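Student: Take a look at the following structure, please.
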Amino acid sequence: MNESPHLTPLLPALYVVATPIGNLGDITLRALDILQRVDRVAAEDTRVSGLLLAHFNIRKPLVSIREHNEREAAEGVIARIAAGDAVAYVSDAGTPAVSDPGARLVAAVRAAGLRVVPVPGVSAVTTALSVAGLESGQWLFHGFLPPKPGARRAQLQALAALPAALVFYEAPHRIEETLADMAAMLDGRRLVTLARELTKKFESVVTLPLAEASAWLAADPNNVRGEFVVVVHPPQTEVAIDTEAMRVLEILQGALPPTLAAKLASQITGRSKAELYKMSLALKPQQQDEA
């Protein structure tokens with residue numbers, strides 16, 4: 001049961017608490033409140049989480065639940081919750097169960113008919129996406145690719161045709177070979193955002209074609225250090241417009257602004273107004289040069 005008489009007791013449940021990925025200032029007020037009020041904290045690494053709790057002057061019993069003992073340790077957590085305890089689970093950084101331990105624990109607690117409460121906060125995935133500048137809202141989170149080259153390339157080949165951004169995690173000792181494989185299997189012309197050491201002192205975010213990523217890494221030894229979120233932008237689509245549509249657009253472009261030229265060309269030819277507008281903007285500089 002909740003120990004402090006000064007805090008409102010929490011309902012018995014597993015509280016899945018997101019923690020900072022680097023900057024401790026990113027912890028939420030709700031996360032601090034929950035961590036102060038639970039009976040105990042289950043952690044991926046009690047040493048890492050112990051430092052976090054100490055920083056915020058929170059003293060709670062800690063129990064280790066790592067990937068290798070998650071199924072067995074879940075039974076102890078279930079027994080605690082069934083007896084009336086509120087238990088928090090935290091991974092080393094970010095949101096538990098997102099390429100981190102936690103999913104098996106959550107599934108076991110739910111299977112036992114007990115409550116699981118999300119306490120959202122920082123996630124490296126959404127942090128990287130927020131600065132990637134993706135125009136499309138479609139993206140697929142893949143997590144870590146296989147460490148063996150053959151399996152890694154096979155997975156990249158399977159993902160290559162998807163019309164969405166692809167988001168990966170990668171460790172510093174594999175980032176060079178992973179980016180080389182991405183350039184080969186996903187088309188080197190695709191843009192990639194490399195988000196390194198997010199929210200930490202040496203954070204860096206760069207966007208460039210995949211074909212240039214290896215050179216960027218090699219340009220500075222520091223570029224290879226730290227944990228990476230790799231956001232591969234969607235495949236580039238080339239607009240194909242038939243000769244007649246081009247002829248009509250060129251005529252209208254000579255006397256009308258691009259928006260109106262594209263609208264009328266669309267009505268005449270039946271082609272997409274958006275495609276024609278893009279082509280109209282591309283034609284305008286050429287016409288000015290020829291004038």
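Every chain in the structure tokens has a letter given in the order shown (A, B, ...), and although residue numbers restart at 1 in each chain, ligands are simply numbered from 1 in the order shown.
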Hey, what does DSSP flag as strand (DSSP E) within segment 46-213 of chain A? Can you give it to me as a ChimeraX atom specification?

Tutor: /A:62-64,86-90,116-119,139-144,165-170,191-196,204-209

Student: For the structure I just gave you, how does DSSP split segment 4-97 of chain A - specifically, which residues are alpha helix (DSSP H)? Reply as JSON, numbers by chain.

Tutor: {"A": [29, 30, 31, 32, 33, 34, 35, 36, 37, 46, 47, 48, 49, 50, 51, 52, 53, 54, 55, 70, 71, 72, 73, 74, 75, 76, 77, 78, 79, 80, 81, 82]}

Student: What does the file look like for those residues with C-alpha atoms, as a tab-separated table (two decimals), in the first residue's frame?

Tutor:
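Result went into result-v2.tsv, see below:
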```tsv
chain	number	residue	atom	x	y	z
A	29	LEU	CA	5.03	16.97	-13.58
A	30	ARG	CA	2.69	13.99	-13.69
A	31	ALA	CA	5.62	11.54	-13.90
A	32	LEU	CA	7.15	13.10	-10.79
A	33	ASP	CA	3.81	12.97	-9.00
A	34	ILE	CA	3.30	9.29	-9.86
A	35	LEU	CA	6.86	8.33	-8.88
A	36	GLN	CA	6.40	10.08	-5.51
A	37	ARG	CA	3.12	8.28	-4.81
A	46	THR	CA	18.05	0.07	-10.86
A	47	ARG	CA	21.36	1.96	-10.96
A	48	VAL	CA	20.22	4.26	-13.77
A	49	SER	CA	16.74	4.78	-12.33
A	50	GLY	CA	18.20	5.22	-8.84
A	51	LEU	CA	20.15	8.23	-10.06
A	52	LEU	CA	17.01	9.69	-11.64
A	53	LEU	CA	14.98	9.27	-8.46
A	54	ALA	CA	17.80	10.69	-6.32
A	55	HIS	CA	18.03	13.75	-8.54
A	70	GLU	CA	10.90	-9.84	-17.51
A	71	ARG	CA	8.50	-12.78	-17.65
A	72	GLU	CA	9.52	-14.18	-14.26
A	73	ALA	CA	9.72	-10.80	-12.50
A	74	ALA	CA	6.26	-9.90	-13.79
A	75	GLU	CA	4.77	-12.46	-11.39
A	76	GLY	CA	6.17	-10.54	-8.44
A	77	VAL	CA	4.72	-7.27	-9.75
A	78	ILE	CA	1.33	-8.91	-10.32
A	79	ALA	CA	1.32	-10.20	-6.73
A	80	ARG	CA	2.13	-6.72	-5.42
A	81	ILE	CA	-0.64	-5.05	-7.43
A	82	ALA	CA	-3.14	-7.76	-6.48
```

Student: Near Val229 of chain A, within 7 Å and counting only C-alpha atoms, which residues show up once chain neighbours fewer than 2 positions away are dropped, as a PyMOL selection string?

Tutor: chain A and resi 128+168-170+194-196+231

Student: I need the chosen residues saved as a PDB file, in the first residue's frame, with C-alpha atoms.

Tutor:
```
ATOM      1  CA  ALA A 128      13.229  13.009 -33.831  1.00  0.00           C
ATOM      2  CA  PHE A 168      15.033   3.393 -36.855  1.00  0.00           C
ATOM      3  CA  TYR A 169      17.175   3.340 -33.734  1.00  0.00           C
ATOM      4  CA  GLU A 170      20.871   2.630 -34.163  1.00  0.00           C
ATOM      5  CA  LEU A 194      20.149  11.792 -38.467  1.00  0.00           C
ATOM      6  CA  ALA A 195      19.193  12.792 -34.919  1.00  0.00           C
ATOM      7  CA  ARG A 196      22.099  12.124 -32.571  1.00  0.00           C
ATOM      8  CA  VAL A 231      14.468   8.999 -40.071  1.00  0.00           C
TER       9      VAL A 231
END
```

Student: So, counting only C-alpha atoms, which residue among A:Leu156, A:Ala274, A:Leu281, A:Ala108 is closest to Leu186 of chain A?

Tutor: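 Of the candidates, the smallest distance to Leu186 of chain A is held by A:Leu156.
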
Student: Rounded to one decimal, what separation in Å do you get between atom CA of Ala171 of chain A and atom CA of Ile21 of chain A?

Tutor: 14.6 Å

Student: As an exercise, work out the distance from atom CA of Leu210 of chain A to atom CA of Leu191 of chain A in Å and give it to one decimal place.

Tutor: 5.7 Å

Student: Compare A:Ala180, A:Ser214, A:Val167, A:Phe202 by their minimum atom-to-atom distance to Val232 of chain A, counting only C-alpha atoms, and give me the closest one.

Tutor: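 Ranked by minimum distance to Val232 of chain A, first place goes to A:Val167.
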